2 protein chains.
Amino acid sequence: MGSGRNVTLKDVSVASGLSLITVSRALRQPELVHADTRAKVQRTIEELGYVPNLTARSLVSNRSNMIGVVVPILTSSLFADLAQGIAGALHEENIQMLLAVSQRSVDLEAEAVKTFMARQADAIIVTGFTHSESCRKLLTNFTGPIVETWNLRNEAVDMTVGYDNRKASAEMTKYLLAKGYSRIAMVGGAFENNDQAADRRDGFLDVMREAGRSVPPEYIVSVPNPKLDAMRAEGREVPPEYIVSIPNPTTLESGWRAMMSLLEGPQKPDAVFFQAEIPAHGAMMACLANGISVPGDVAIAGFGDLSLSAMLPVPLTTIKIPAREIGERAAQLVLERLNGAPVQHRTLDVGFELMIRESA
Amino acid sequence: MGSGRNVTLKDVSVASGLSLITVSRALRQPELVHADTRAKVQRTIEELGYVPNLTARSLVSNRSNMIGVVVPILTSSLFADLAQGIAGALHEENIQMLLAVSQRSVDLEAEAVKTFMARQADAIIVTGFTHSESCRKLLTNFTGPIVETWNLRNEAVDMTVGYDNRKASAEMTKYLLAKGYSRIAMVGGAFENNDQAADRRDGFLDVMREAGRSVPPEYIVSVPNPKLDAMRAEGREVPPEYIVSIPNPTTLESGWRAMMSLLEGPQKPDAVFFQAEIPAHGAMMACLANGISVPGDVAIAGFGDLSLSAMLPVPLTTIKIPAREIGERAAQLVLERLNGAPVQHRTLDVGFELMIRESA
DNA sequence: ACAGCAATGATATACGAATATCATTCGCTC
DNA sequence: GAGCGAATGATATTCGTATATCATTGCTGT
């Protein structure tokens with residue numbers, strides 16, 4: 001670790017005996033500068049360890065070569081894939097990623113977006129459509145490209161890259177019904193503040209209703225669940241229900257517990273559709289640990305398709321999401337726009353894939 | 001998405017009918033400004049959607065309130081934990097994280113470090129001690145705090161937060177020997193360009209040698225493996241060896257294949273020590289899929305302890321690394337230094353924990 | 001010898017905010 | 001009404017880089 005202030009272009013000019021403009025030209029318009037002079041500049045730069053101050057450059061050029069990215073969490077392989085996809089695509093164009101983790105809080109998201117704007121980010125990529133009012137306002141004021149990822153809806157601020165969560169969930173539900181499962185439970189995360197979770201729930205409900213399997217809407221609960229809490233507080237019996245919302249949808253343990261409580265309940269389901277992959281893995285482990293046969297005793301379906309899913313003792317039937325591709329495409333759209341290309345796509349559907357394996 | 005240029009302080013001053021300095025003071029030295037005036041400024045700021053330009057601010061203050069972080073990969077839960085730990089600790093101080101993924105390439109790392117410096121990052125956090133010459137030079141010239149994480153060595157550029165990989169690996173090896181395993185294989189990733197992998201290998205070798213189990217050093221191979229390739233090209237028989245290096249140490253499939261090839265080899269090991277957790281999971285799946293009893297037929301040990309490890313059908317014996325804590329501590333050290341605190345620790349050992357479960 | 005060009009230099013301004021210095025206005029008190 | 005402090009304003013400079021305009025130097029070809 002050194003000390004003192006940074007080396008500036010001026011320092012280079014003094015050290016090389018050249019004028020400031022010549023040094024500047026050597027870097028920005030090299031064709032105007034003699035090869036020997038360029039070489040001398042280069043040598044001096046290396047001697048002094050000069051690194052251009054992009055902050056100052058950005059002030060002039062009004063471009064920062066950074067784009068801001070918000071993901072809900074990082075410790076989910078899928079969002080990590082998304083982030084890596086973005087970073088990879090940006091890297092080729094020498095653009096840096098400012099990454100913020102919202103922990104699914106719209107306030108944290110708004111804060112991140114504000115900081116991105118303050119840092120003159122050239123573009124912003126967020127996950128999902130669930131924003132606070134202030135965040136939506138900020139985005140509306142933002143002068144660069146914006147991509148909302150991970151879902152498809154008509155309410156986009158600018159551009160969208162994702163897949164149809166509702167349709168994906170519906171398709172899996174149809175498959176389960178077609179396979180003959182009749183008592184299908186769905187386990188999801190908090191539906192409020194999460195358009196994806198809500199759309200997955202709705203896709204499930206659509207199909208169930210169409211098939212004549214009633215699922216009383218008042219039991220579609222989120223966490224915290226005031227309705228259920230009130231019923232319990234009044235000593236009333238909580239009606240058995242196949243839609244379960246778990247506090248933390250990203251842990252194995254949540255899935256394990258959700259599965260066990262469903263199986264211990266009064267109306268044992270014959271299939272459980274998890275709206276996230278990790279808890280589905282947890283449920284699978286719970287079954288393995290307790291000698292419950294999958295899919296014999298109960299079928300399991302997941303959502304997300306991590307690499308482990310195909311390698312489990314009972315490979316998991318699930319929905320594959322091209323997470324990395326979403327990131328890459330989103331970054332590409334942004335880059336095209338930054339490079340002045342006309343708006344080609346406002347919405348890009350990357351699709352999903354039903355991965356039918358052995359668990360259901 | 002809006003259009004046109006960003007709103008500046010000057011726009012606020014014009015719109016509010018106040019002078020530029022008054023508006024500036026209202027934000028930076030509010031005690032000098034009448035409450036009513038402050039309110040008016042605030043109102044105008046909200047009306048116009050003014051967001052301060054941190055780029056300009058940082059040019060003056062010579063602080064960017066960003067710190068640069070390099071991780072090898074993001075799709076490993078442990079490094080995601082590290083990054084989240086850092087981001088969390090920084091968030092409280094309103095500092096942003098610039099995240100770069102090196103993919104274990106020292107050149108990409110150097111590039112990232114250079115960009116961080118160019119962006120006037122206030123501090124830099126990298127993973128490991130394996131740097132290119134140019135990167136080391138850049139870091140030496142850097143004027144802010146630097147933390148190298150994930151390992152402990154004496155060669156730190158500035159500060160270190162991590163655990164002793166060599167010791168951790170040695171301890172697991174001792175445990176395996178004490179348990180009576182005698183034919184212990186080690187499966188690791190590329191040892192070159194990775195101080196952590198090399199230290200883990202060496203910790204293993206230390207203990208094996210002490211115990212009188214010879215492990216010929218010429219068979220400690222990395223990928224690509226010119227020595228082995230040459231032997232094969234010459235038609236010579238490759239000696240059976242218990243140290244296996246796998247091409248991509250971060251996948252389940254690598255672990256699966258490494259395990260199967262060890263078991264199909266001439267000298268079946270009775271224990272396999274994986275230097276990363278994911279391939280250990282893959283190996284476990286391979287055993288489950290092929291009816292191989294763990295630890296009956298072969299014992300498995302991992303390194304890293306992901307949440308799945310404890311929930312596997314045969315819970316995995318492994319080494320727990322406080323990844324999030326490393327991130328938090330590294331960020332804290334950096335923040336202390338940025339806030340002018342004297343240098344307390346140059347090296348912080350966060351330790352590790354041997355998690356003895358059923359697989360070994 | 002002079003036009004023409006390549007290479008370099010001098011000078012000024014801009015980007016958006018922070019800040020230092022000095023000036024002005026208003027209301028208050030003694 | 002002189003003096004004082006609070007509140008506000010005017011003006012200039014700084015941060016590091018980019019760039020526009022104009023000037024200078026040296027060399028080439030005719």
# chains A, B, ... in the order shown; residues from 1 in each chain; ligands from 1
>>> closest_atom_pairs(of="chain B", to="chain C", cutoff="7 Å", atoms="only C-alpha atoms (C1' of nucleotides)", output="JSON lines")
{"residue": "B:Asn53", "atom": "CA", "partner": "C:DG16", "partner_atom": "C1'", "distance": 6.7}
{"residue": "B:Ala56", "atom": "CA", "partner": "C:DG16", "partner_atom": "C1'", "distance": 5.1}
{"residue": "B:Arg57", "atom": "CA", "partner": "C:DA17", "partner_atom": "C1'", "distance": 5.4}
{"residue": "B:Val60", "atom": "CA", "partner": "C:DA18", "partner_atom": "C1'", "distance": 6.6}
>>> write_last_selection(atoms="C-alpha atoms", output="mmCIF file, in the first residue's frame")
data_model
loop_
_atom_site.group_PDB
_atom_site.id
_atom_site.type_symbol
_atom_site.label_atom_id
_atom_site.label_comp_id
_atom_site.auth_asym_id
_atom_site.auth_seq_id
_atom_site.Cartn_x
_atom_site.Cartn_y
_atom_site.Cartn_z
ATOM 1 C CA ASN B 53 -23.799 13.617 -8.723
ATOM 2 C CA ALA B 56 -18.438 15.233 -9.128
ATOM 3 C CA ARG B 57 -18.449 15.025 -5.372
ATOM 4 C CA VAL B 60 -13.498 17.101 -5.014
#
>>> closest_atom_pairs(of="chain D", to="chain A", cutoff="7 Å", atoms="only C-alpha atoms (C1' of nucleotides)", output="CSV")
residue,atom,partner,partner_atom,distance
D:DG16,C1',A:Ala56,CA,5.1
D:DT17,C1',A:Arg57,CA,5.3
D:DA18,C1',A:Val60,CA,6.6
>>> write_last_selection(atoms="N, CA and C atoms (P, O5', C5', C4', C3', O3' and C1' of nucleotides)", output="PDB file, in the first residue's frame")
ATOM      1  P    DG D  16      -6.343  15.964  -8.599  1.00  0.00           P
ATOM      2  O5'  DG D  16      -6.836  15.399  -9.990  1.00  0.00           O
ATOM      3  C5'  DG D  16      -7.596  14.196 -10.002  1.00  0.00           C
ATOM      4  C4'  DG D  16      -8.056  13.918 -11.413  1.00  0.00           C
ATOM      5  C3'  DG D  16      -6.924  13.881 -12.454  1.00  0.00           C
ATOM      6  O3'  DG D  16      -7.108  12.714 -13.229  1.00  0.00           O
ATOM      7  C1'  DG D  16      -8.597  15.412 -13.119  1.00  0.00           C
ATOM      8  P    DT D  17      -6.164  12.412 -14.494  1.00  0.00           P
ATOM      9  O5'  DT D  17      -7.126  12.860 -15.669  1.00  0.00           O
ATOM     10  C5'  DT D  17      -8.374  12.186 -15.815  1.00  0.00           C
ATOM     11  C4'  DT D  17      -9.241  12.878 -16.815  1.00  0.00           C
ATOM     12  C3'  DT D  17      -8.697  12.874 -18.241  1.00  0.00           C
ATOM     13  O3'  DT D  17      -9.550  12.049 -19.017  1.00  0.00           O
ATOM     14  C1'  DT D  17      -9.657  14.975 -17.638  1.00  0.00           C
ATOM     15  P    DA D  18      -9.252  11.807 -20.561  1.00  0.00           P
ATOM     16  O5'  DA D  18     -10.092  12.976 -21.248  1.00  0.00           O
ATOM     17  C5'  DA D  18     -11.503  12.972 -21.129  1.00  0.00           C
ATOM     18  C4'  DA D  18     -12.079  14.096 -21.952  1.00  0.00           C
ATOM     19  C3'  DA D  18     -11.595  14.158 -23.392  1.00  0.00           C
ATOM     20  O3'  DA D  18     -12.731  14.309 -24.223  1.00  0.00           O
ATOM     21  C1'  DA D  18     -11.281  16.252 -22.349  1.00  0.00           C
TER      22       DA D  18
END
>>> closest_atom_pairs(of="chain B", to="chain A", cutoff="6 Å", atoms="only C-alpha atoms", output="tab-separated table")
residue	atom	partner	partner_atom	distance
B:Met1	CA	A:Thr140	CA	4.6
B:Gly2	CA	A:Thr143	CA	4.8
B:Ser3	CA	A:Thr143	CA	4.9
B:Val51	CA	A:Ala118	CA	5.7
B:Pro52	CA	A:Ala118	CA	5.6
B:Asn53	CA	A:Ala118	CA	4.9
B:Leu54	CA	A:Arg119	CA	5.2
B:Thr55	CA	A:Thr55	CA	5.7
B:Leu74	CA	A:Ala80	CA	5.7
B:Thr75	CA	A:Ala80	CA	5.3
B:Ser77	CA	A:Thr75	CA	5.5
B:Ala80	CA	A:Thr75	CA	5.4
B:Leu98	CA	A:Leu98	CA	5.0
B:Ala118	CA	A:Asn53	CA	4.9
B:Arg119	CA	A:Leu54	CA	5.2
B:Thr140	CA	A:Met1	CA	4.6
B:Asn141	CA	A:Gly2	CA	4.9
B:Phe142	CA	A:Met1	CA	5.4
B:Thr143	CA	A:Gly2	CA	4.8
B:Ala289	CA	A:Pro313	CA	5.9
B:Pro313	CA	A:Ala289	CA	5.9
>>> residues_around(residues="Val272 in chain B", least_positions_apart="4", cutoff="8 Å", atoms="only C-alpha atoms (C1' of nucleotides)", output="compact mmCIF listing (two decimals) with C-alpha atoms, in the first residue's frame")
# COMPACT_ATOMS: atom_id res chain seq x y z
CA ILE B 184 -6.78 -41.80 1.68
CA ALA B 185 -7.23 -40.06 -1.65
CA MET B 186 -7.34 -36.34 -2.06
CA VAL B 187 -9.30 -34.65 -4.81
CA MET B 259 -15.12 -40.60 -7.21
CA VAL B 298 -15.67 -45.52 1.20
CA ALA B 299 -15.59 -42.51 3.47
CA ILE B 300 -16.05 -38.98 2.14
CA ALA B 301 -14.82 -35.72 3.60
>>> residues_around(residues="Gly304 in chain A", least_positions_apart="5", cutoff="9 Å", atoms="only C-alpha atoms (C1' of nucleotides)", output="VMD selection string")
chain A and resid 78 275 to 278 318 to 323
>>> write_last_selection(atoms="C-alpha atoms", output="tab-separated table (two decimals), in the first residue's frame")
chain	number	residue	atom	x	y	z
A	78	LEU	CA	-29.79	-18.71	-9.98
A	275	GLN	CA	-42.03	-22.74	-6.06
A	276	ALA	CA	-38.29	-22.68	-5.48
A	277	GLU	CA	-35.60	-25.27	-5.93
A	278	ILE	CA	-33.73	-25.20	-2.66
A	318	THR	CA	-38.69	-29.13	-12.18
A	319	ILE	CA	-38.69	-26.03	-14.39
A	320	LYS	CA	-35.47	-24.95	-15.90
A	321	ILE	CA	-34.81	-21.23	-16.06
A	322	PRO	CA	-32.03	-19.88	-18.27
A	323	ALA	CA	-30.67	-17.62	-15.55
>>> residues_around(residues="Met355 in chain A", least_positions_apart="2", cutoff="10 Å", atoms="only C-alpha atoms (C1' of nucleotides)", output="count of residues only")
18
>>> select_by_dssp(residues="range 135-328 of chain B", states="helix (DSSP H, G or I)", output="VMD selection string")
chain B and resid 135 to 141 165 to 178 195 to 210 217 to 219 226 to 233 252 to 264 277 to 289 307 to 311 323 to 328
>>> atom_distance(atom1="CA of Ser16 in chain B", atom2="CA of Gln42 in chain B")
9.6 Å
>>> select_by_dssp(residues="range 40-194 of chain B", states="strand (DSSP E)", output="JSON, numbers by chain")
{"B": [66, 67, 68, 69, 70, 71, 96, 97, 98, 99, 100, 101, 123, 124, 125, 126, 127, 146, 147, 148, 149, 159, 160, 161, 162, 184, 185, 186, 187, 188]}
>>> write_last_selection(atoms="C-alpha atoms", output="mmCIF file, in the first residue's frame")
data_model
loop_
_atom_site.group_PDB
_atom_site.id
_atom_site.type_symbol
_atom_site.label_atom_id
_atom_site.label_comp_id
_atom_site.auth_asym_id
_atom_site.auth_seq_id
_atom_site.Cartn_x
_atom_site.Cartn_y
_atom_site.Cartn_z
ATOM 1 C CA MET B 66 -17.024 2.591 -3.232
ATOM 2 C CA ILE B 67 -14.822 -0.331 -2.504
ATOM 3 C CA GLY B 68 -13.716 -2.881 -5.048
ATOM 4 C CA VAL B 69 -14.139 -6.592 -4.418
ATOM 5 C CA VAL B 70 -12.776 -9.475 -6.465
ATOM 6 C CA VAL B 71 -14.131 -13.001 -6.005
ATOM 7 C CA GLN B 96 -21.155 0.683 -2.364
ATOM 8 C CA MET B 97 -19.503 -2.458 -3.633
ATOM 9 C CA LEU B 98 -17.918 -2.752 -7.043
ATOM 10 C CA LEU B 99 -17.867 -6.467 -7.693
ATOM 11 C CA ALA B 100 -15.683 -8.263 -10.187
ATOM 12 C CA VAL B 101 -15.535 -11.995 -10.888
ATOM 13 C CA ALA B 123 -10.331 0.237 -0.644
ATOM 14 C CA ILE B 124 -9.831 -3.108 -2.313
ATOM 15 C CA ILE B 125 -10.704 -6.594 -1.107
ATOM 16 C CA VAL B 126 -9.398 -9.578 -3.050
ATOM 17 C CA THR B 127 -9.614 -13.315 -2.563
ATOM 18 C CA ILE B 146 -6.254 -3.581 0.930
ATOM 19 C CA VAL B 147 -7.479 -6.878 2.325
ATOM 20 C CA GLU B 148 -6.527 -10.277 1.022
ATOM 21 C CA THR B 149 -9.017 -12.841 2.215
ATOM 22 C CA MET B 159 -4.113 -6.743 5.626
ATOM 23 C CA THR B 160 -5.446 -10.282 5.736
ATOM 24 C CA VAL B 161 -8.657 -11.867 6.954
ATOM 25 C CA GLY B 162 -8.999 -15.591 6.595
ATOM 26 C CA ILE B 184 -6.777 -41.796 1.679
ATOM 27 C CA ALA B 185 -7.232 -40.060 -1.648
ATOM 28 C CA MET B 186 -7.345 -36.339 -2.062
ATOM 29 C CA VAL B 187 -9.303 -34.651 -4.814
ATOM 30 C CA GLY B 188 -8.560 -31.005 -5.483
#
>>> atom_distance(atom1="CA of Gly265 in chain A", atom2="CA of Ile243 in chain A")
12.5 Å
>>> closest_residue(among="B:Arg201, B:Arg329, B:Arg63, B:Lys174", to="DC15 in chain D", atoms="only C-alpha atoms (C1' of nucleotides)")
B:Arg63
